[in-house]
Amino acid sequence: MEGYILDWANMLLRWVHVITAIAWIGSSFYFVWLDNSLTKPTAPDLKEKGVDGELWAVHGGGFYNPQKYLTAPRQLPENLHWFYWESYSTWMSGFALLVVLYLFNASTFLIDKNVFDMSPGAAVGFAVSYLLIGWIVYDSICRLFNKNDRLVGILVAIYIAAAAYVACHIFSGRAAFLLTGAMIATIMSANVLAWIIPGQRKVVAALKAGQPVDPIHGKRGKQRSVHNTYFTLPVLFAMLSNHYSMTYAHKYNWVVLILIMLSGVLIRQFFILKHKGKINVLWPAAGVAALGVVAVMIAPQPRPAVAKADGEAAATVSFAKVQEVMNARCVQCHAEQPKMMPTAAKGIKLETPEDIKAHAQLIYQQAVQQKAMPLGNVTQITDDERALLGQWFEGGAKTTN
């Protein structure tokens with residue numbers, strides 16, 4: 001029942017996380033677009049009211065006229081909507097999902113002994129510390145160099161690249177990618193919690209009290225908000241990367257992660273400028289070029305041709321050897337009563353010839369082509385054993401020889 005309950009928790013938390021992330025990213029993208037698409041008002045009455053920019057739009061059969069005030073309207077409305085629960089809900093559901101899936105199964109998901117041999121407790125401690133240190137270093141950079149946005153951007157980029165390198169040399173590739181995304185997402189949500197919303201509250205309080213507004217709150221909030229919009233696409237890739245083992249299983253996976261995150265930043269830059277009416281195709285071209293470098297870098301290498309028997313048929317692989325590999329490397333997680341998990345992982349069992357035959361395609365895909373299984377190569381499958389499984393599948397996945 002424990003495994004069944006964890007599967008339900010995983011499914012529901014992932015569902016909530018995706019929903020709240022859509023709400024957060026959607027509102028963030030909308031306000032970046034809106035802020036860059038406003039035009040100066042021409043009506044005298046709007047200028048008198050302090051309106052600095054406006055936009056006319058049509059959507060869903062209605063017309064909308066959002067307006068941005070230079071400071072604030074003369075009288076604040078009673079119902080003022082604050083955009084923060086989208087951020088908080090996304091982070092809380094994401095962290096809960098991280099706990100259920102990764103921290104509760106640290107030996108399976110966080111640790112790759114070929115990368116760094118550590119205990120599950122140490123892995124959990126490193127993972128949580130990685131998130132906290134990420135925010136502390138980022139926030140310190142912003143505080144120390146707050147008068148130079150370009151320098152801040154360069155230093156933050158260097159730090160994230162260094163953090164990605166460290167993660168890929170401590171955790172399994174899959175966990176390193178996800179934790180790097182989680183670290184950046186933590187920074188994004190902490191920006192909202194620690195700077196953007198508190199600054200806005202101070203501005204509102206000053207306006208209600210009839211006191212002058214300190215412009216520093218708007219400047220700080222704007223800086224952190226801009227950082228968040230550039231972080232968005234790198235975070236989205238990191239969160240989706242667990243589906244694409246070709247990226248995190250590479251020998252130089254930290255380079256792969258950095259280049260793909262960089263491509264996301266470059267593409268986002270294109271759209272930010274486009275909102276302002278500036279079209280510069282060099283930005284997305286550079287992003288595509290970075291992806292092209294990754295594609296060439298991680299492309300599968302051709303395997304040696306299968307040996308021939310009597311110059312005709314491909315050499316057959318004994319199913320007994322295939323079953324030996326399954327028993328040594330796979331049944332620890334894929335069995336009626338697995339040793340490393342409460343229940344069979346994903347409900348897949350590989351104990352009998354019938355089970356192995358039924359999942360031959362999946363075995364070939366996950367263990368041979370993508371090298372995604374075993375997770376973190378916790379059972380130490382060898383390249384020769386992967387090649388053997390590949391030859392067996394390509395030879396017809398027979399269980400009778």
# chains A, B, ... in the order shown; residues from 1 in each chain; ligands from 1

call {"tool": "residues_around", "arguments": {"residues": "stretch 177-185 of chain A", "least_positions_apart": "5", "cutoff": "10 Å", "atoms": "only C-alpha atoms", "output": "PyMOL selection string"}}
result
chain A and resi 87+90-91+94-95+98+102+110+127-135+138+160-161+163-168+171-172+190-191+228+231-242+247-248+253-254+256-258+261

call {"tool": "residues_around", "arguments": {"residues": "A:Gln369", "least_positions_apart": "5", "cutoff": "12 Å", "atoms": "only C-alpha atoms", "output": "ChimeraX atom specification"}}
result
/A:244-246,249,299-303,361-364,383,386-387,389-391,393-394

call {"tool": "residues_around", "arguments": {"residues": "stretch 371-377 of chain A", "least_positions_apart": "6", "cutoff": "7 Å", "atoms": "only C-alpha atoms", "output": "ChimeraX atom specification"}}
result
/A:108-109,111-112,172,245,330

call {"tool": "write_last_selection", "arguments": {"atoms": "C-alpha atoms", "output": "tab-separated table (two decimals), in the first residue's frame"}}
result
chain	number	residue	atom	x	y	z
A	108	THR	CA	17.32	5.42	-6.42
A	109	PHE	CA	16.84	8.93	-7.80
A	111	ILE	CA	22.56	8.89	-6.09
A	112	ASP	CA	24.75	7.60	-8.89
A	172	SER	CA	22.77	11.43	-10.71
A	245	SER	CA	17.80	10.75	-20.76
A	330	CYS	CA	16.56	-5.14	-13.34

call {"tool": "select_by_dssp", "arguments": {"residues": "stretch 208-369 of chain A", "states": "helix (DSSP H, G or I)", "output": "ChimeraX atom specification"}}
result
/A:208,216-243,245-248,253-275,282-297,319-330,345-347,353-358,360-369

call {"tool": "atom_distance", "arguments": {"atom1": "atom CA of A:Ile348", "atom2": "atom CA of A:Val325"}}
result
16.0 Å

call {"tool": "residues_around", "arguments": {"residues": "stretch 5-17 of chain A", "least_positions_apart": "6", "cutoff": "10 Å", "atoms": "only C-alpha atoms", "output": "PyMOL selection string"}}
result
chain A and resi 23+89-101+104+342+345-346

call {"tool": "select_by_dssp", "arguments": {"residues": "stretch 52-287 of chain A", "states": "strand (DSSP E)", "output": "PDB file with N, CA and C atoms, in the first residue's frame"}}
result
ATOM      1  N   ASP A  52       0.542  56.514 -17.355  1.00  0.00           N
ATOM      2  CA  ASP A  52       1.801  56.583 -18.108  1.00  0.00           C
ATOM      3  C   ASP A  52       1.762  55.744 -19.379  1.00  0.00           C
ATOM      4  N   GLY A  53       0.887  54.748 -19.416  1.00  0.00           N
ATOM      5  CA  GLY A  53       0.780  53.895 -20.603  1.00  0.00           C
ATOM      6  C   GLY A  53      -0.543  53.166 -20.614  1.00  0.00           C
ATOM      7  N   GLU A  54      -1.014  52.849 -21.812  1.00  0.00           N
ATOM      8  CA  GLU A  54      -2.277  52.125 -21.938  1.00  0.00           C
ATOM      9  C   GLU A  54      -2.223  51.201 -23.138  1.00  0.00           C
ATOM     10  N   ALA A  57      -7.135  46.171 -26.264  1.00  0.00           N
ATOM     11  CA  ALA A  57      -7.062  44.786 -26.736  1.00  0.00           C
ATOM     12  C   ALA A  57      -8.466  44.207 -26.834  1.00  0.00           C
ATOM     13  N   VAL A  58      -8.596  43.179 -27.657  1.00  0.00           N
ATOM     14  CA  VAL A  58      -9.870  42.479 -27.784  1.00  0.00           C
ATOM     15  C   VAL A  58      -9.624  40.999 -27.518  1.00  0.00           C
ATOM     16  N   HIS A  59     -10.506  40.406 -26.717  1.00  0.00           N
ATOM     17  CA  HIS A  59     -10.347  38.989 -26.390  1.00  0.00           C
ATOM     18  C   HIS A  59     -11.686  38.437 -25.920  1.00  0.00           C
ATOM     19  N   GLY A  62     -14.824  40.663 -26.033  1.00  0.00           N
ATOM     20  CA  GLY A  62     -14.869  41.911 -25.272  1.00  0.00           C
ATOM     21  C   GLY A  62     -13.644  42.770 -25.532  1.00  0.00           C
ATOM     22  N   PHE A  63     -13.764  44.053 -25.245  1.00  0.00           N
ATOM     23  CA  PHE A  63     -12.657  44.990 -25.407  1.00  0.00           C
ATOM     24  C   PHE A  63     -12.098  45.362 -24.029  1.00  0.00           C
ATOM     25  N   TYR A  64     -10.780  45.448 -23.957  1.00  0.00           N
ATOM     26  CA  TYR A  64     -10.097  45.730 -22.702  1.00  0.00           C
ATOM     27  C   TYR A  64      -9.165  46.926 -22.874  1.00  0.00           C
ATOM     28  N   GLN A  67      -4.467  50.067 -18.092  1.00  0.00           N
ATOM     29  CA  GLN A  67      -3.707  51.316 -17.969  1.00  0.00           C
ATOM     30  C   GLN A  67      -2.677  51.175 -16.852  1.00  0.00           C
ATOM     31  N   LYS A  68      -1.507  51.750 -17.069  1.00  0.00           N
ATOM     32  CA  LYS A  68      -0.451  51.722 -16.063  1.00  0.00           C
ATOM     33  C   LYS A  68      -0.208  53.150 -15.571  1.00  0.00           C
ATOM     34  N   TYR A  69      -0.276  53.316 -14.261  1.00  0.00           N
ATOM     35  CA  TYR A  69      -0.072  54.639 -13.659  1.00  0.00           C
ATOM     36  C   TYR A  69       1.405  54.851 -13.343  1.00  0.00           C
TER      37      TYR A  69
END

call {"tool": "atom_distance", "arguments": {"atom1": "atom CA of A:His243", "atom2": "atom CA of A:Val192"}}
result
29.1 Å

call {"tool": "atom_distance", "arguments": {"atom1": "atom CA of A:Asp214", "atom2": "atom CA of A:Glu86"}}
result
26.7 Å

call {"tool": "decode", "arguments": {"residues": "stretch 14-121 of chain A", "atoms": "C-alpha atoms", "output": "PDB file, in the first residue's frame"}}
result
ATOM      1  CA  ARG A  14       2.316  16.741 -10.294  1.00  0.00           C
ATOM      2  CA  TRP A  15      -1.145  17.714 -11.507  1.00  0.00           C
ATOM      3  CA  VAL A  16      -1.378  20.604  -9.031  1.00  0.00           C
ATOM      4  CA  HIS A  17       2.182  21.670  -9.798  1.00  0.00           C
ATOM      5  CA  VAL A  18       1.541  21.882 -13.542  1.00  0.00           C
ATOM      6  CA  ILE A  19      -1.724  23.806 -13.043  1.00  0.00           C
ATOM      7  CA  THR A  20      -0.178  26.369 -10.705  1.00  0.00           C
ATOM      8  CA  ALA A  21       2.932  26.676 -12.886  1.00  0.00           C
ATOM      9  CA  ILE A  22       0.743  27.467 -15.892  1.00  0.00           C
ATOM     10  CA  ALA A  23      -1.004  30.173 -13.854  1.00  0.00           C
ATOM     11  CA  TRP A  24       2.294  31.666 -12.644  1.00  0.00           C
ATOM     12  CA  ILE A  25       4.108  31.576 -15.985  1.00  0.00           C
ATOM     13  CA  GLY A  26       1.001  32.785 -17.800  1.00  0.00           C
ATOM     14  CA  SER A  27       0.581  35.844 -15.586  1.00  0.00           C
ATOM     15  CA  SER A  28       4.330  36.545 -15.674  1.00  0.00           C
ATOM     16  CA  PHE A  29       4.499  36.364 -19.477  1.00  0.00           C
ATOM     17  CA  TYR A  30       1.352  38.466 -19.779  1.00  0.00           C
ATOM     18  CA  PHE A  31       2.653  41.307 -17.621  1.00  0.00           C
ATOM     19  CA  VAL A  32       6.041  41.327 -19.360  1.00  0.00           C
ATOM     20  CA  TRP A  33       4.219  41.551 -22.689  1.00  0.00           C
ATOM     21  CA  LEU A  34       1.823  44.176 -21.347  1.00  0.00           C
ATOM     22  CA  ASP A  35       4.572  46.342 -19.862  1.00  0.00           C
ATOM     23  CA  ASN A  36       6.482  46.299 -23.152  1.00  0.00           C
ATOM     24  CA  SER A  37       3.382  46.917 -25.285  1.00  0.00           C
ATOM     25  CA  LEU A  38       1.937  49.997 -23.557  1.00  0.00           C
ATOM     26  CA  THR A  39       1.739  53.256 -25.480  1.00  0.00           C
ATOM     27  CA  LYS A  40       1.717  56.778 -24.113  1.00  0.00           C
ATOM     28  CA  PRO A  41      -1.870  58.041 -23.693  1.00  0.00           C
ATOM     29  CA  THR A  42      -3.031  60.890 -25.914  1.00  0.00           C
ATOM     30  CA  ALA A  43      -6.212  61.811 -24.039  1.00  0.00           C
ATOM     31  CA  PRO A  44      -5.605  64.831 -21.749  1.00  0.00           C
ATOM     32  CA  ASP A  45      -7.761  63.401 -18.967  1.00  0.00           C
ATOM     33  CA  LEU A  46      -5.611  60.267 -18.774  1.00  0.00           C
ATOM     34  CA  LYS A  47      -2.448  62.339 -18.511  1.00  0.00           C
ATOM     35  CA  GLU A  48      -3.987  64.361 -15.727  1.00  0.00           C
ATOM     36  CA  LYS A  49      -4.841  61.180 -13.839  1.00  0.00           C
ATOM     37  CA  GLY A  50      -1.194  60.091 -14.023  1.00  0.00           C
ATOM     38  CA  VAL A  51      -1.635  57.306 -16.607  1.00  0.00           C
ATOM     39  CA  ASP A  52       1.801  56.583 -18.108  1.00  0.00           C
ATOM     40  CA  GLY A  53       0.780  53.895 -20.603  1.00  0.00           C
ATOM     41  CA  GLU A  54      -2.277  52.125 -21.938  1.00  0.00           C
ATOM     42  CA  LEU A  55      -3.280  49.372 -24.306  1.00  0.00           C
ATOM     43  CA  TRP A  56      -6.439  48.482 -26.161  1.00  0.00           C
ATOM     44  CA  ALA A  57      -7.062  44.786 -26.736  1.00  0.00           C
ATOM     45  CA  VAL A  58      -9.870  42.479 -27.784  1.00  0.00           C
ATOM     46  CA  HIS A  59     -10.347  38.989 -26.390  1.00  0.00           C
ATOM     47  CA  GLY A  60     -13.253  36.606 -25.984  1.00  0.00           C
ATOM     48  CA  GLY A  61     -15.723  39.003 -27.577  1.00  0.00           C
ATOM     49  CA  GLY A  62     -14.869  41.911 -25.272  1.00  0.00           C
ATOM     50  CA  PHE A  63     -12.657  44.990 -25.407  1.00  0.00           C
ATOM     51  CA  TYR A  64     -10.097  45.730 -22.702  1.00  0.00           C
ATOM     52  CA  ASN A  65      -8.205  48.887 -21.852  1.00  0.00           C
ATOM     53  CA  PRO A  66      -5.489  48.205 -19.235  1.00  0.00           C
ATOM     54  CA  GLN A  67      -3.707  51.316 -17.969  1.00  0.00           C
ATOM     55  CA  LYS A  68      -0.451  51.722 -16.063  1.00  0.00           C
ATOM     56  CA  TYR A  69      -0.072  54.639 -13.659  1.00  0.00           C
ATOM     57  CA  LEU A  70       3.225  56.408 -13.248  1.00  0.00           C
ATOM     58  CA  THR A  71       2.948  56.114  -9.466  1.00  0.00           C
ATOM     59  CA  ALA A  72      -0.626  55.235  -8.465  1.00  0.00           C
ATOM     60  CA  PRO A  73      -4.165  56.482  -9.027  1.00  0.00           C
ATOM     61  CA  ARG A  74      -5.243  59.406  -6.876  1.00  0.00           C
ATOM     62  CA  GLN A  75      -7.426  57.069  -4.880  1.00  0.00           C
ATOM     63  CA  LEU A  76      -6.556  53.406  -4.470  1.00  0.00           C
ATOM     64  CA  PRO A  77      -9.424  51.002  -5.207  1.00  0.00           C
ATOM     65  CA  GLU A  78     -10.738  48.836  -2.410  1.00  0.00           C
ATOM     66  CA  ASN A  79     -10.318  45.630  -4.393  1.00  0.00           C
ATOM     67  CA  LEU A  80      -6.647  45.434  -5.376  1.00  0.00           C
ATOM     68  CA  HIS A  81      -5.504  42.084  -6.775  1.00  0.00           C
ATOM     69  CA  TRP A  82      -2.086  40.821  -5.755  1.00  0.00           C
ATOM     70  CA  PHE A  83      -0.230  38.312  -7.925  1.00  0.00           C
ATOM     71  CA  TYR A  84       1.646  36.047  -5.553  1.00  0.00           C
ATOM     72  CA  TRP A  85      -0.329  32.894  -4.810  1.00  0.00           C
ATOM     73  CA  GLU A  86       0.487  31.575  -8.286  1.00  0.00           C
ATOM     74  CA  SER A  87       4.168  31.717  -7.356  1.00  0.00           C
ATOM     75  CA  TYR A  88       3.829  30.334  -3.838  1.00  0.00           C
ATOM     76  CA  SER A  89       1.550  27.479  -4.898  1.00  0.00           C
ATOM     77  CA  THR A  90       3.891  26.481  -7.699  1.00  0.00           C
ATOM     78  CA  TRP A  91       6.897  26.321  -5.395  1.00  0.00           C
ATOM     79  CA  MET A  92       5.111  24.518  -2.554  1.00  0.00           C
ATOM     80  CA  SER A  93       3.611  21.872  -4.834  1.00  0.00           C
ATOM     81  CA  GLY A  94       6.954  21.478  -6.629  1.00  0.00           C
ATOM     82  CA  PHE A  95       8.884  21.038  -3.385  1.00  0.00           C
ATOM     83  CA  ALA A  96       6.312  18.535  -2.128  1.00  0.00           C
ATOM     84  CA  LEU A  97       6.720  16.601  -5.385  1.00  0.00           C
ATOM     85  CA  LEU A  98      10.501  16.713  -4.963  1.00  0.00           C
ATOM     86  CA  VAL A  99      10.146  15.271  -1.463  1.00  0.00           C
ATOM     87  CA  VAL A 100       7.769  12.471  -2.485  1.00  0.00           C
ATOM     88  CA  LEU A 101       9.611  11.398  -5.617  1.00  0.00           C
ATOM     89  CA  TYR A 102      13.285  12.208  -5.008  1.00  0.00           C
ATOM     90  CA  LEU A 103      14.001  12.706  -1.319  1.00  0.00           C
ATOM     91  CA  PHE A 104      11.948   9.690  -0.198  1.00  0.00           C
ATOM     92  CA  ASN A 105      13.776   7.586  -2.810  1.00  0.00           C
ATOM     93  CA  ALA A 106      17.208   9.173  -2.539  1.00  0.00           C
ATOM     94  CA  SER A 107      19.144   5.952  -3.125  1.00  0.00           C
ATOM     95  CA  THR A 108      17.323   5.423  -6.416  1.00  0.00           C
ATOM     96  CA  PHE A 109      16.842   8.933  -7.804  1.00  0.00           C
ATOM     97  CA  LEU A 110      19.525  11.154  -6.251  1.00  0.00           C
ATOM     98  CA  ILE A 111      22.555   8.893  -6.089  1.00  0.00           C
ATOM     99  CA  ASP A 112      24.750   7.599  -8.893  1.00  0.00           C
ATOM    100  CA  LYS A 113      27.754   5.901  -7.309  1.00  0.00           C
ATOM    101  CA  ASN A 114      29.698   6.325 -10.531  1.00  0.00           C
ATOM    102  CA  VAL A 115      29.384  10.080 -10.021  1.00  0.00           C
ATOM    103  CA  PHE A 116      29.644  10.427  -6.234  1.00  0.00           C
ATOM    104  CA  ASP A 117      29.246   7.697  -3.635  1.00  0.00           C
ATOM    105  CA  MET A 118      27.239   8.942  -0.640  1.00  0.00           C
ATOM    106  CA  SER A 119      24.559   7.810   1.749  1.00  0.00           C
ATOM    107  CA  PRO A 120      20.854   8.614   1.152  1.00  0.00           C
ATOM    108  CA  GLY A 121      20.886  10.958   4.160  1.00  0.00           C
TER     109      GLY A 121
END
